[in-house]
>>> print(open('run_5.pdb').read())   # PDB, C-alpha atoms
MODEL        1
ATOM      1  CA  MET K 137     -15.826 -61.973-101.195
ATOM      2  CA  ASN K 138     -14.260 -63.492 -98.086
ATOM      3  CA  ILE K 139     -16.136 -62.892 -94.848
ATOM      4  CA  VAL K 140     -14.731 -64.013 -91.504
ATOM      5  CA  ILE K 141     -16.893 -64.281 -88.388
ATOM      6  CA  LEU K 142     -14.516 -64.335 -85.437
ATOM      7  CA  GLU K 143     -16.934 -64.811 -82.538
ATOM      8  CA  ARG K 144     -19.930 -66.798 -83.709
ATOM      9  CA  ASP K 145     -20.583 -68.105 -80.179
ATOM     10  CA  SER K 146     -21.238 -64.569 -78.934
ATOM     11  CA  LEU K 147     -24.542 -64.665 -80.823
ATOM     12  CA  GLY K 148     -25.699 -68.007 -79.428
ATOM     13  CA  SER K 149     -26.176 -71.245 -81.335
ATOM     14  CA  ASP K 150     -29.935 -70.655 -81.473
ATOM     15  CA  ILE K 151     -29.510 -67.663 -83.809
ATOM     16  CA  ASP K 152     -29.078 -68.351 -87.547
ATOM     17  CA  VAL K 153     -26.303 -66.508 -89.402
ATOM     18  CA  SER K 154     -26.660 -68.198 -92.795
ATOM     19  CA  CYS K 155     -27.956 -64.922 -94.275
ATOM     20  CA  TYR K 156     -24.353 -63.718 -94.643
ATOM     21  CA  GLU K 157     -23.661 -66.411 -97.223
ATOM     22  CA  LYS K 158     -25.474 -64.188 -99.729
ATOM     23  CA  PHE K 159     -22.448 -61.891 -99.727
ATOM     24  CA  GLY K 160     -19.758 -64.491-100.377
ATOM     25  CA  ASN K 161     -17.619 -67.167 -98.767
ATOM     26  CA  VAL K 162     -18.122 -67.197 -94.986
ATOM     27  CA  THR K 163     -15.552 -68.645 -92.562
ATOM     28  CA  ILE K 164     -16.861 -69.078 -89.044
ATOM     29  CA  TYR K 165     -14.964 -69.356 -85.753
ATOM     30  CA  GLY K 166     -16.790 -69.975 -82.495
ATOM     31  CA  ASN K 167     -14.466 -67.730 -80.517
ATOM     32  CA  THR K 168     -11.239 -65.881 -81.228
ATOM     33  CA  VAL K 169      -8.662 -64.568 -78.759
ATOM     34  CA  GLU K 170      -6.125 -61.855 -79.515
ATOM     35  CA  ARG K 171      -3.245 -64.147 -80.521
ATOM     36  CA  GLN K 172      -5.469 -65.833 -83.140
ATOM     37  CA  VAL K 173      -6.870 -62.739 -84.857
ATOM     38  CA  ALA K 174      -4.088 -61.900 -87.327
ATOM     39  CA  GLN K 175      -3.947 -65.360 -88.854
ATOM     40  CA  ARG K 176      -7.709 -65.692 -89.134
ATOM     41  CA  VAL K 177      -8.338 -62.344 -90.848
ATOM     42  CA  LYS K 178      -5.362 -62.210 -93.241
ATOM     43  CA  ASP K 179      -7.493 -63.053 -96.298
ATOM     44  CA  ALA K 180     -10.712 -61.383 -95.164
ATOM     45  CA  GLU K 181     -12.462 -58.540 -96.947
ATOM     46  CA  ILE K 182     -15.159 -58.241 -94.291
ATOM     47  CA  ILE K 183     -14.557 -59.066 -90.623
ATOM     48  CA  MET K 184     -17.393 -59.654 -88.179
ATOM     49  CA  GLY K 185     -16.649 -59.746 -84.471
ATOM     50  CA  ASN K 186     -17.458 -58.512 -81.017
ATOM     51  CA  LYS K 187     -14.566 -58.225 -78.549
ATOM     52  CA  ALA K 188     -11.619 -59.415 -80.630
ATOM     53  CA  PRO K 189      -9.113 -56.536 -80.881
ATOM     54  CA  MET K 190      -8.890 -54.770 -84.230
ATOM     55  CA  ASN K 191      -5.679 -52.744 -84.377
ATOM     56  CA  GLU K 192      -2.382 -52.452 -86.241
ATOM     57  CA  GLN K 193      -0.981 -55.613 -84.684
ATOM     58  CA  THR K 194      -3.961 -57.769 -85.624
ATOM     59  CA  LEU K 195      -4.751 -56.147 -88.998
ATOM     60  CA  ARG K 196      -1.389 -55.233 -90.533
ATOM     61  CA  ASP K 197      -1.236 -58.434 -92.607
ATOM     62  CA  ALA K 198      -4.916 -58.245 -93.615
ATOM     63  CA  ALA K 199      -4.280 -56.502 -96.910
ATOM     64  CA  HIS K 200      -7.771 -56.938 -98.333
ATOM     65  CA  VAL K 201     -10.015 -55.963 -95.424
ATOM     66  CA  LYS K 202     -12.423 -53.147 -96.231
ATOM     67  CA  LEU K 203     -15.119 -53.402 -93.572
ATOM     68  CA  ILE K 204     -15.307 -54.436 -89.919
ATOM     69  CA  CYS K 205     -18.810 -55.166 -88.634
ATOM     70  CA  LEU K 206     -19.278 -55.343 -84.891
ATOM     71  CA  PHE K 207     -21.957 -57.424 -83.195
ATOM     72  CA  SER K 208     -22.215 -54.627 -80.615
ATOM     73  CA  THR K 209     -22.748 -50.937 -80.049
ATOM     74  CA  GLY K 210     -19.440 -50.395 -78.275
ATOM     75  CA  TYR K 211     -16.314 -50.167 -80.413
ATOM     76  CA  ASP K 212     -13.583 -49.739 -77.801
ATOM     77  CA  CYS K 213     -11.970 -52.951 -79.147
ATOM     78  CA  VAL K 214     -11.177 -51.160 -82.428
ATOM     79  CA  ASP K 215      -8.373 -48.696 -83.149
ATOM     80  CA  LEU K 216     -10.505 -46.326 -85.208
ATOM     81  CA  ALA K 217      -7.638 -44.059 -86.200
ATOM     82  CA  TYR K 218      -5.600 -46.951 -87.567
ATOM     83  CA  CYS K 219      -8.584 -48.346 -89.451
ATOM     84  CA  LYS K 220      -9.321 -44.959 -90.958
ATOM     85  CA  SER K 221      -5.691 -44.597 -92.050
ATOM     86  CA  ARG K 222      -6.105 -47.884 -93.921
ATOM     87  CA  GLY K 223      -9.462 -46.970 -95.414
ATOM     88  CA  ILE K 224     -11.154 -49.684 -93.355
ATOM     89  CA  ARG K 225     -14.695 -48.759 -92.381
ATOM     90  CA  VAL K 226     -16.064 -49.837 -88.987
ATOM     91  CA  ALA K 227     -19.801 -50.332 -88.488
ATOM     92  CA  ASN K 228     -21.595 -51.001 -85.213
ATOM     93  CA  VAL K 229     -25.176 -51.860 -84.262
ATOM     94  CA  VAL K 230     -27.187 -49.249 -82.389
ATOM     95  CA  ASP K 231     -30.287 -49.436 -80.224
ATOM     96  CA  TYR K 232     -30.687 -53.201 -80.593
ATOM     97  CA  CYS K 233     -30.860 -54.135 -76.903
ATOM     98  CA  THR K 234     -32.497 -51.145 -75.217
ATOM     99  CA  ASP K 235     -35.497 -53.111 -73.992
ATOM    100  CA  ALA K 236     -33.364 -56.096 -72.981
ATOM    101  CA  VAL K 237     -30.905 -54.085 -70.881
ATOM    102  CA  CYS K 238     -33.685 -52.053 -69.297
ATOM    103  CA  GLN K 239     -35.468 -55.272 -68.376
ATOM    104  CA  HIS K 240     -32.315 -56.733 -66.803
ATOM    105  CA  THR K 241     -31.665 -53.531 -64.880
ATOM    106  CA  PHE K 242     -34.974 -53.918 -63.077
ATOM    107  CA  ALA K 243     -34.548 -57.684 -62.707
ATOM    108  CA  MET K 244     -31.330 -57.072 -60.773
ATOM    109  CA  LEU K 245     -32.892 -54.284 -58.746
ATOM    110  CA  PHE K 246     -35.863 -56.328 -57.567
ATOM    111  CA  TYR K 247     -33.698 -59.367 -56.825
ATOM    112  CA  LEU K 248     -31.624 -57.217 -54.464
ATOM    113  CA  LEU K 249     -34.300 -54.849 -53.214
ATOM    114  CA  GLU K 250     -36.770 -57.549 -52.170
ATOM    115  CA  HIS K 251     -34.130 -60.121 -51.088
ATOM    116  CA  LEU K 252     -35.651 -62.670 -53.453
ATOM    117  CA  ARG K 253     -32.981 -65.335 -53.030
ATOM    118  CA  HIS K 254     -33.319 -65.140 -49.260
ATOM    119  CA  TYR K 255     -37.093 -65.552 -49.301
ATOM    120  CA  ASP K 256     -37.079 -68.294 -51.935
ATOM    121  CA  GLU K 257     -34.562 -70.255 -49.874
ATOM    122  CA  TYR K 258     -36.541 -69.542 -46.691
ATOM    123  CA  VAL K 259     -39.561 -71.307 -48.181
ATOM    124  CA  LYS K 260     -37.651 -74.166 -49.808
ATOM    125  CA  SER K 261     -35.592 -74.854 -46.677
ATOM    126  CA  GLY K 262     -38.783 -75.748 -44.815
ATOM    127  CA  ALA K 263     -38.477 -72.806 -42.411
ATOM    128  CA  TYR K 264     -41.659 -71.199 -43.714
ATOM    129  CA  GLY K 265     -43.652 -74.400 -43.281
ATOM    130  CA  GLU K 266     -42.476 -74.708 -39.697
ATOM    131  CA  GLN K 267     -43.642 -71.259 -38.579
ATOM    132  CA  GLU K 268     -47.108 -70.548 -37.254
ATOM    133  CA  ARG K 269     -47.868 -67.148 -38.784
ATOM    134  CA  PHE K 270     -48.801 -66.719 -42.457
ATOM    135  CA  SER K 271     -46.022 -64.289 -43.414
ATOM    136  CA  ASN K 272     -42.326 -63.664 -42.986
ATOM    137  CA  PHE K 273     -40.402 -60.480 -43.782
ATOM    138  CA  ASP K 274     -37.324 -60.674 -41.588
ATOM    139  CA  LEU K 275     -35.276 -58.739 -44.152
ATOM    140  CA  PRO K 276     -37.146 -55.434 -44.642
ATOM    141  CA  PHE K 277     -37.588 -53.936 -48.112
ATOM    142  CA  ILE K 278     -38.934 -50.687 -49.516
ATOM    143  CA  GLU K 279     -41.047 -49.335 -52.380
ATOM    144  CA  LEU K 280     -39.778 -47.464 -55.428
ATOM    145  CA  GLN K 281     -42.551 -44.904 -55.073
ATOM    146  CA  GLY K 282     -41.134 -41.591 -53.899
ATOM    147  CA  LYS K 283     -37.481 -42.639 -54.164
ATOM    148  CA  THR K 284     -34.767 -41.016 -56.279
ATOM    149  CA  TRP K 285     -33.347 -42.904 -59.240
ATOM    150  CA  GLY K 286     -30.003 -41.637 -60.493
ATOM    151  CA  ILE K 287     -28.672 -42.386 -63.965
ATOM    152  CA  ILE K 288     -25.241 -41.967 -65.522
ATOM    153  CA  GLY K 289     -25.560 -42.208 -69.290
ATOM    154  CA  MET K 290     -28.808 -40.817 -70.683
ATOM    155  CA  GLY K 291     -28.757 -42.466 -74.101
ATOM    156  CA  HIS K 292     -31.371 -44.868 -75.459
ATOM    157  CA  ILE K 293     -31.055 -47.273 -72.527
ATOM    158  CA  GLY K 294     -30.777 -44.584 -69.870
ATOM    159  CA  ARG K 295     -33.943 -42.896 -71.109
ATOM    160  CA  LYS K 296     -35.819 -46.198 -71.230
ATOM    161  CA  VAL K 297     -34.809 -46.988 -67.649
ATOM    162  CA  ALA K 298     -35.785 -43.475 -66.598
ATOM    163  CA  SER K 299     -39.259 -43.853 -68.101
ATOM    164  CA  VAL K 300     -39.845 -47.180 -66.339
ATOM    165  CA  ALA K 301     -38.506 -45.908 -63.010
ATOM    166  CA  GLN K 302     -40.717 -42.838 -63.343
ATOM    167  CA  ALA K 303     -43.722 -45.109 -63.925
ATOM    168  CA  PHE K 304     -42.918 -46.731 -60.573
ATOM    169  CA  GLY K 305     -43.044 -43.280 -58.982
ATOM    170  CA  CYS K 306     -39.356 -42.418 -58.834
ATOM    171  CA  ARG K 307     -37.855 -38.975 -59.147
ATOM    172  CA  ILE K 308     -35.251 -39.059 -61.942
ATOM    173  CA  LEU K 309     -31.868 -37.341 -61.806
ATOM    174  CA  PHE K 310     -29.011 -37.825 -64.243
ATOM    175  CA  TYR K 311     -25.388 -36.886 -64.732
ATOM    176  CA  SER K 312     -23.796 -36.396 -68.152
ATOM    177  CA  ALA K 313     -20.206 -37.650 -68.056
ATOM    178  CA  SER K 314     -19.474 -36.116 -71.455
ATOM    179  CA  GLY K 315     -21.273 -32.880 -70.647
ATOM    180  CA  LYS K 316     -22.928 -33.081 -74.065
ATOM    181  CA  SER K 317     -26.291 -34.646 -73.227
ATOM    182  CA  THR K 318     -29.253 -33.185 -75.075
ATOM    183  CA  CYS K 319     -31.788 -34.741 -72.705
ATOM    184  CA  THR K 320     -34.265 -32.196 -71.352
ATOM    185  CA  GLU K 321     -36.989 -34.556 -70.087
ATOM    186  CA  TYR K 322     -35.242 -35.200 -66.774
ATOM    187  CA  GLU K 323     -33.300 -33.140 -64.254
ATOM    188  CA  ARG K 324     -29.567 -32.949 -64.921
ATOM    189  CA  VAL K 325     -27.264 -32.515 -61.916
ATOM    190  CA  ASP K 326     -23.557 -32.650 -61.113
ATOM    191  CA  LEU K 327     -21.981 -35.936 -60.068
ATOM    192  CA  ASP K 328     -21.768 -35.178 -56.348
ATOM    193  CA  THR K 329     -25.447 -34.245 -56.222
ATOM    194  CA  LEU K 330     -26.388 -37.423 -58.066
ATOM    195  CA  LEU K 331     -24.323 -39.647 -55.781
ATOM    196  CA  SER K 332     -25.674 -38.151 -52.564
ATOM    197  CA  ALA K 333     -29.326 -38.072 -53.670
ATOM    198  CA  ALA K 334     -29.793 -41.427 -55.401
ATOM    199  CA  ASP K 335     -31.544 -44.311 -53.683
ATOM    200  CA  PHE K 336     -30.871 -46.347 -56.815
ATOM    201  CA  LEU K 337     -28.018 -45.537 -59.195
ATOM    202  CA  SER K 338     -27.804 -47.234 -62.595
ATOM    203  CA  LEU K 339     -24.945 -46.913 -65.058
ATOM    204  CA  HIS K 340     -25.637 -46.846 -68.807
ATOM    205  CA  CYS K 341     -22.673 -44.847 -70.100
ATOM    206  CA  PRO K 342     -20.032 -45.841 -72.652
ATOM    207  CA  LEU K 343     -16.484 -46.496 -71.498
ATOM    208  CA  SER K 344     -14.252 -43.482 -72.078
ATOM    209  CA  ASP K 345     -11.466 -41.571 -70.380
ATOM    210  CA  ARG K 346     -14.167 -39.649 -68.497
ATOM    211  CA  THR K 347     -16.005 -42.723 -67.230
ATOM    212  CA  ARG K 348     -13.179 -45.196 -66.549
ATOM    213  CA  GLY K 349     -13.023 -45.594 -62.758
ATOM    214  CA  LEU K 350     -15.768 -43.000 -62.313
ATOM    215  CA  ILE K 351     -17.300 -44.967 -59.457
ATOM    216  CA  ASP K 352     -14.376 -45.313 -57.084
ATOM    217  CA  LYS K 353     -13.961 -45.075 -53.312
ATOM    218  CA  ASP K 354     -14.455 -41.291 -53.334
ATOM    219  CA  ALA K 355     -17.727 -41.688 -55.238
ATOM    220  CA  LEU K 356     -18.994 -44.617 -53.170
ATOM    221  CA  VAL K 357     -18.581 -42.851 -49.829
ATOM    222  CA  LYS K 358     -20.757 -40.012 -51.139
ATOM    223  CA  MET K 359     -23.651 -42.410 -51.763
ATOM    224  CA  LYS K 360     -26.349 -43.263 -49.260
ATOM    225  CA  ARG K 361     -25.573 -46.283 -47.102
ATOM    226  CA  THR K 362     -28.989 -47.588 -48.169
ATOM    227  CA  ALA K 363     -28.316 -47.123 -51.903
ATOM    228  CA  ILE K 364     -28.295 -49.862 -54.534
ATOM    229  CA  LEU K 365     -25.795 -49.556 -57.407
ATOM    230  CA  LEU K 366     -26.468 -51.196 -60.788
ATOM    231  CA  ASN K 367     -23.947 -51.501 -63.617
ATOM    232  CA  VAL K 368     -25.109 -52.599 -67.061
ATOM    233  CA  ALA K 369     -22.651 -50.311 -68.864
ATOM    234  CA  ARG K 370     -18.986 -51.345 -68.924
ATOM    235  CA  GLY K 371     -17.080 -53.025 -66.096
ATOM    236  CA  PRO K 372     -14.214 -50.510 -65.790
ATOM    237  CA  VAL K 373     -16.663 -47.687 -65.010
ATOM    238  CA  ILE K 374     -16.558 -49.114 -61.465
ATOM    239  CA  ASP K 375     -13.325 -49.789 -59.606
ATOM    240  CA  ASN K 376     -14.053 -53.374 -58.543
ATOM    241  CA  GLY K 377     -11.628 -53.268 -55.612
ATOM    242  CA  ASP K 378     -13.195 -50.088 -54.263
ATOM    243  CA  LEU K 379     -16.677 -51.567 -54.655
ATOM    244  CA  TYR K 380     -15.589 -54.641 -52.678
ATOM    245  CA  TRP K 381     -14.373 -52.334 -49.913
ATOM    246  CA  ALA K 382     -17.629 -50.338 -49.963
ATOM    247  CA  LEU K 383     -19.833 -53.436 -49.758
ATOM    248  CA  GLN K 384     -17.759 -54.997 -47.005
ATOM    249  CA  ASN K 385     -17.892 -51.796 -44.972
ATOM    250  CA  GLY K 386     -21.569 -50.998 -45.559
ATOM    251  CA  GLU K 387     -20.916 -47.821 -47.521
ATOM    252  CA  ILE K 388     -23.777 -48.857 -49.828
ATOM    253  CA  ALA K 389     -26.462 -51.486 -49.294
ATOM    254  CA  ALA K 390     -26.003 -53.618 -52.409
ATOM    255  CA  ALA K 391     -24.788 -53.788 -55.987
ATOM    256  CA  GLY K 392     -25.975 -55.569 -59.113
ATOM    257  CA  LEU K 393     -23.376 -56.036 -61.845
ATOM    258  CA  ASP K 394     -23.716 -57.460 -65.331
ATOM    259  CA  VAL K 395     -20.205 -56.320 -66.265
ATOM    260  CA  LEU K 396     -16.780 -56.476 -64.617
ATOM    261  CA  GLU K 397     -13.374 -54.878 -65.088
ATOM    262  CA  LYS K 398     -12.108 -58.104 -66.707
ATOM    263  CA  GLU K 399     -14.416 -60.647 -68.317
ATOM    264  CA  PRO K 400     -14.882 -63.437 -67.610
ATOM    265  CA  ILE K 401     -14.287 -62.850 -63.907
ATOM    266  CA  THR K 402     -10.713 -63.472 -62.801
ATOM    267  CA  SER K 403      -9.591 -65.236 -59.643
ATOM    268  CA  ASP K 404      -8.041 -62.054 -58.289
ATOM    269  CA  ASN K 405     -11.297 -60.070 -58.489
ATOM    270  CA  LEU K 406     -12.203 -59.451 -54.862
ATOM    271  CA  LEU K 407     -15.899 -59.278 -55.706
ATOM    272  CA  GLY K 408     -15.830 -63.028 -56.303
ATOM    273  CA  ARG K 409     -15.325 -63.496 -52.560
ATOM    274  CA  ILE K 410     -18.706 -62.010 -51.685
ATOM    275  CA  GLN K 411     -21.172 -64.885 -51.452
ATOM    276  CA  ASP K 412     -24.025 -62.906 -49.876
ATOM    277  CA  SER K 413     -26.578 -62.435 -52.659
ATOM    278  CA  ASN K 414     -28.448 -59.862 -50.594
ATOM    279  CA  LYS K 415     -25.369 -57.683 -50.937
ATOM    280  CA  LEU K 416     -24.043 -58.503 -54.401
ATOM    281  CA  LEU K 417     -25.509 -59.976 -57.579
ATOM    282  CA  ILE K 418     -23.241 -60.659 -60.564
ATOM    283  CA  THR K 419     -24.553 -61.903 -63.904
ATOM    284  CA  PRO K 420     -22.224 -62.926 -66.799
ATOM    285  CA  HIS K 421     -22.643 -59.988 -69.198
ATOM    286  CA  LEU K 422     -26.034 -61.173 -70.436
ATOM    287  CA  ALA K 423     -28.254 -58.106 -70.076
ATOM    288  CA  TRP K 424     -28.174 -57.510 -73.836
ATOM    289  CA  ALA K 425     -28.730 -61.112 -74.874
ATOM    290  CA  THR K 426     -32.447 -61.750 -75.217
ATOM    291  CA  ILE K 427     -33.428 -63.846 -78.229
ATOM    292  CA  GLU K 428     -34.979 -60.780 -79.833
ATOM    293  CA  ALA K 429     -31.873 -58.629 -79.332
ATOM    294  CA  ARG K 430     -29.499 -61.243 -80.717
ATOM    295  CA  THR K 431     -31.729 -61.753 -83.733
ATOM    296  CA  ARG K 432     -31.749 -57.997 -84.231
ATOM    297  CA  ILE K 433     -27.932 -57.889 -84.204
ATOM    298  CA  VAL K 434     -27.677 -60.403 -87.026
ATOM    299  CA  GLU K 435     -30.253 -58.520 -89.078
ATOM    300  CA  GLU K 436     -28.602 -55.143 -88.458
ATOM    301  CA  VAL K 437     -25.136 -56.387 -89.396
ATOM    302  CA  TYR K 438     -26.648 -57.833 -92.575
ATOM    303  CA  ARG K 439     -28.063 -54.393 -93.399
ATOM    304  CA  ASN K 440     -24.717 -52.750 -92.615
ATOM    305  CA  VAL K 441     -22.925 -55.018 -95.092
ATOM    306  CA  GLU K 442     -25.648 -54.584 -97.697
ATOM    307  CA  ALA K 443     -25.476 -50.806 -97.391
ATOM    308  CA  TYR K 444     -21.685 -50.794 -97.637
ATOM    309  CA  LEU K 445     -21.752 -52.868-100.800
ATOM    310  CA  GLN K 446     -24.265 -50.429-102.259
ATOM    311  CA  GLY K 447     -21.990 -47.495-101.441
ATOM    312  CA  THR K 448     -23.931 -46.263 -98.425
ATOM    313  CA  GLU K 449     -22.173 -45.742 -95.055
ATOM    314  CA  ARG K 450     -24.723 -47.150 -92.635
ATOM    315  CA  ASN K 451     -23.758 -47.075 -88.912
ATOM    316  CA  ILE K 452     -20.148 -46.236 -89.811
ATOM    317  CA  VAL K 453     -18.336 -44.977 -86.704
ATOM    318  CA  ASN K 454     -15.132 -43.829 -88.455
ATOM    319  CA  PRO K 455     -16.292 -41.994 -91.598
TER     320      PRO K 455
ENDMDL
END
>>> encode(input="run_5.pdb", output="structure tokens")
Amino acid sequence: MNIVILERDSLGSDIDVSCYEKFGNVTIYGNTVERQVAQRVKDAEIIMGNKAPMNEQTLRDAAHVKLICLFSTGYDCVDLAYCKSRGIRVANVVDYCTDAVCQHTFAMLFYLLEHLRHYDEYVKSGAYGEQERFSNFDLPFIELQGKTWGIIGMGHIGRKVASVAQAFGCRILFYSASGKSTCTEYERVDLDTLLSAADFLSLHCPLSDRTRGLIDKDALVKMKRTAILLNVARGPVIDNGDLYWALQNGEIAAAGLDVLEKEPITSDNLLGRIQDSNKLLITPHLAWATIEARTRIVEEVYRNVEAYLQGTERNIVNP
């Protein structure tokens, strides 16, 4: 059996993938861009990847492929209808990074909320040592206790974030973009109510026609001018140009982003012009990437392949 791993580097060099050799001959590529996919998968029976596009153009000459395993939960890089028409099964990995993304959500919040870069630099610049009083808090900050935390996307990660925010004393509100949420533990509201009420708004929703551009200028002006926006979902859920405008004009206080409309960041992304880390924090799509989560991905993909070979459709998203 020929197995092709298209984006080995997305797992990190510290994570071992030799377990896949049990299933057959494994060809490994560190990274693969769209123009390289077709050639690299033409003899594959199993394809493993992350962001490389899987569609008619890239798969039409791959006559033997039977299974695509994604090192991710999201599968927007795959044309599911085309794969199904070919009898190609697509398997993802679910609930592997819930704790990691939740952790990063709060890391970004506290960095922004308590102006941590500012105060660290204040001490290291020597300014703190030159003052006479014991304390400095020239940039005020607030507590989470008693504030409202809004969530868009109440899946595994959204619920985890809600439970942690609630432990800090926050009131939890959420909006269901699909309208199909089964969550009853927290108060569900419409989007306008969520935007106007939230002191902190975190995004944990999948990218879909309903969520693409959901947070645009109209949404941002409905938020509190003191609000902090956090995106650990998908970059296109926020219109990056509109967010730039909102931050520059004080429509919201700050934003923390782990994802962008185009990744890696492009030179024409206006958000790259904002150098004030009290206003904007951008991390390079790493919220999911703890050592534990990346190890879990490898193990889960192994189980997906094993199940498929045994005739069981485990984590198949296009049955």
>>> residues_near_point(input="run_5.pdb", point="(-34.7, -43.2, -64.3)", cutoff="6 Å", atoms="only C-alpha atoms", output="compact mmCIF listing (two decimals) with C-alpha atoms, keeping the file's coordinate frame")
# COMPACT_ATOMS: atom_id res chain seq x y z
CA TRP K 285 -33.35 -42.90 -59.24
CA VAL K 297 -34.81 -46.99 -67.65
CA ALA K 298 -35.78 -43.48 -66.60
CA SER K 299 -39.26 -43.85 -68.10
CA ALA K 301 -38.51 -45.91 -63.01
CA ILE K 308 -35.25 -39.06 -61.94
>>> closest_atom_pairs(input="run_5.pdb", of="range 358-443 of chain K", to="range 141-159 of chain K", cutoff="8 Å", atoms="all atoms listed in the file", output="JSON lines")
{"residue": "K:Ile427", "atom": "CA", "partner": "K:Ile151", "partner_atom": "CA", "distance": 7.8}
{"residue": "K:Arg430", "atom": "CA", "partner": "K:Leu147", "partner_atom": "CA", "distance": 6.0}
{"residue": "K:Thr431", "atom": "CA", "partner": "K:Ile151", "partner_atom": "CA", "distance": 6.3}
{"residue": "K:Val434", "atom": "CA", "partner": "K:Val153", "partner_atom": "CA", "distance": 6.7}
{"residue": "K:Tyr438", "atom": "CA", "partner": "K:Tyr156", "partner_atom": "CA", "distance": 6.6}
>>> write_last_selection(input="run_5.pdb", atoms="C-alpha atoms", output="mmCIF file, in the coordinates of the input")
data_model
loop_
_atom_site.group_PDB
_atom_site.id
_atom_site.type_symbol
_atom_site.label_atom_id
_atom_site.label_comp_id
_atom_site.auth_asym_id
_atom_site.auth_seq_id
_atom_site.Cartn_x
_atom_site.Cartn_y
_atom_site.Cartn_z
ATOM 1 C CA ILE K 427 -33.428 -63.846 -78.229
ATOM 2 C CA ARG K 430 -29.499 -61.243 -80.717
ATOM 3 C CA THR K 431 -31.729 -61.753 -83.733
ATOM 4 C CA VAL K 434 -27.677 -60.403 -87.026
ATOM 5 C CA TYR K 438 -26.648 -57.833 -92.575
#
>>> atom_distance(input="run_5.pdb", atom1="CA of Gly291 in chain K", atom2="CA of Tyr322 in chain K")
12.2 Å
>>> resolve_selection(input="run_5.pdb", expression="the PyMOL selection byres ((chain K and resi 361-368) around 7)", output="VMD selection string")
chain K and resid 241 334 to 340 359 to 360 369 to 370 386 to 395
>>> resolve_selection(input="run_5.pdb", expression="the PyMOL selection byres ((chain K and resi 304) around 10)", output="number ranges by chain")
K: 279-283, 298-303, 305-307
>>> resolve_selection(input="run_5.pdb", expression="the PyMOL selection byres ((chain K and resi 181-185) around 8)", output="ChimeraX atom specification")
/K:137-144,177,179-180,186-188,200-207
>>> residues_around(input="run_5.pdb", residues="Val173 in chain K", least_positions_apart="4", cutoff="9 Å", atoms="only C-alpha atoms", output="ChimeraX atom specification")
/K:142,168-169,177-178,188-190,194-195
>>> atom_distance(input="run_5.pdb", atom1="CA of Asn451 in chain K", atom2="CA of Val230 in chain K")
7.7 Å
>>> residues_around(input="run_5.pdb", residues="Leu407 in chain K", least_positions_apart="3", cutoff="7 Å", atoms="only C-alpha atoms", output="list of chain:residue names")
K:Asn376, K:Tyr380, K:Ile410
>>> write_last_selection(input="run_5.pdb", atoms="C-alpha atoms", output="short mmCIF file (atom, residue, chain, number, x, y, z; two decimals), in the frame of the given file")
data_model
loop_
_atom_site.label_atom_id
_atom_site.label_comp_id
_atom_site.auth_asym_id
_atom_site.auth_seq_id
_atom_site.Cartn_x
_atom_site.Cartn_y
_atom_site.Cartn_z
CA ASN K 376 -14.05 -53.37 -58.54
CA TYR K 380 -15.59 -54.64 -52.68
CA ILE K 410 -18.71 -62.01 -51.68
#
>>> closest_residue(input="run_5.pdb", among="K:Asp352, K:Tyr264, K:Arg176, K:Glu428", to="Thr163 in chain K", atoms="only C-alpha atoms")
K:Arg176
>>> atom_distance(input="run_5.pdb", atom1="CA of Gln384 in chain K", atom2="CA of Gln411 in chain K")
11.4 Å
>>> residues_around(input="run_5.pdb", residues="Ala217 in chain K", least_positions_apart="6", cutoff="10 Å", atoms="all atoms listed in the file", output="list of chain:residue names")
K:Asn191, K:Glu192, K:Gly223, K:Ile224, K:Asn454
>>> residues_near_point(input="run_5.pdb", point="(-28.0, -31.4, -60.3)", cutoff="12 Å", atoms="all atoms listed in the file", output="PDB file with C-alpha atoms, in the frame of the given file")
ATOM      1  CA  GLY K 286     -30.003 -41.637 -60.493  1.00  0.00           C
ATOM      2  CA  ILE K 287     -28.672 -42.386 -63.965  1.00  0.00           C
ATOM      3  CA  ILE K 308     -35.251 -39.059 -61.942  1.00  0.00           C
ATOM      4  CA  LEU K 309     -31.868 -37.341 -61.806  1.00  0.00           C
ATOM      5  CA  PHE K 310     -29.011 -37.825 -64.243  1.00  0.00           C
ATOM      6  CA  TYR K 311     -25.388 -36.886 -64.732  1.00  0.00           C
ATOM      7  CA  SER K 312     -23.796 -36.396 -68.152  1.00  0.00           C
ATOM      8  CA  TYR K 322     -35.242 -35.200 -66.774  1.00  0.00           C
ATOM      9  CA  GLU K 323     -33.300 -33.140 -64.254  1.00  0.00           C
ATOM     10  CA  ARG K 324     -29.567 -32.949 -64.921  1.00  0.00           C
ATOM     11  CA  VAL K 325     -27.264 -32.515 -61.916  1.00  0.00           C
ATOM     12  CA  ASP K 326     -23.557 -32.650 -61.113  1.00  0.00           C
ATOM     13  CA  LEU K 327     -21.981 -35.936 -60.068  1.00  0.00           C
ATOM     14  CA  ASP K 328     -21.768 -35.178 -56.348  1.00  0.00           C
ATOM     15  CA  THR K 329     -25.447 -34.245 -56.222  1.00  0.00           C
ATOM     16  CA  LEU K 330     -26.388 -37.423 -58.066  1.00  0.00           C
ATOM     17  CA  LEU K 331     -24.323 -39.647 -55.781  1.00  0.00           C
ATOM     18  CA  SER K 332     -25.674 -38.151 -52.564  1.00  0.00           C
ATOM     19  CA  ALA K 333     -29.326 -38.072 -53.670  1.00  0.00           C
ATOM     20  CA  ALA K 334     -29.793 -41.427 -55.401  1.00  0.00           C
TER      21      ALA K 334
END
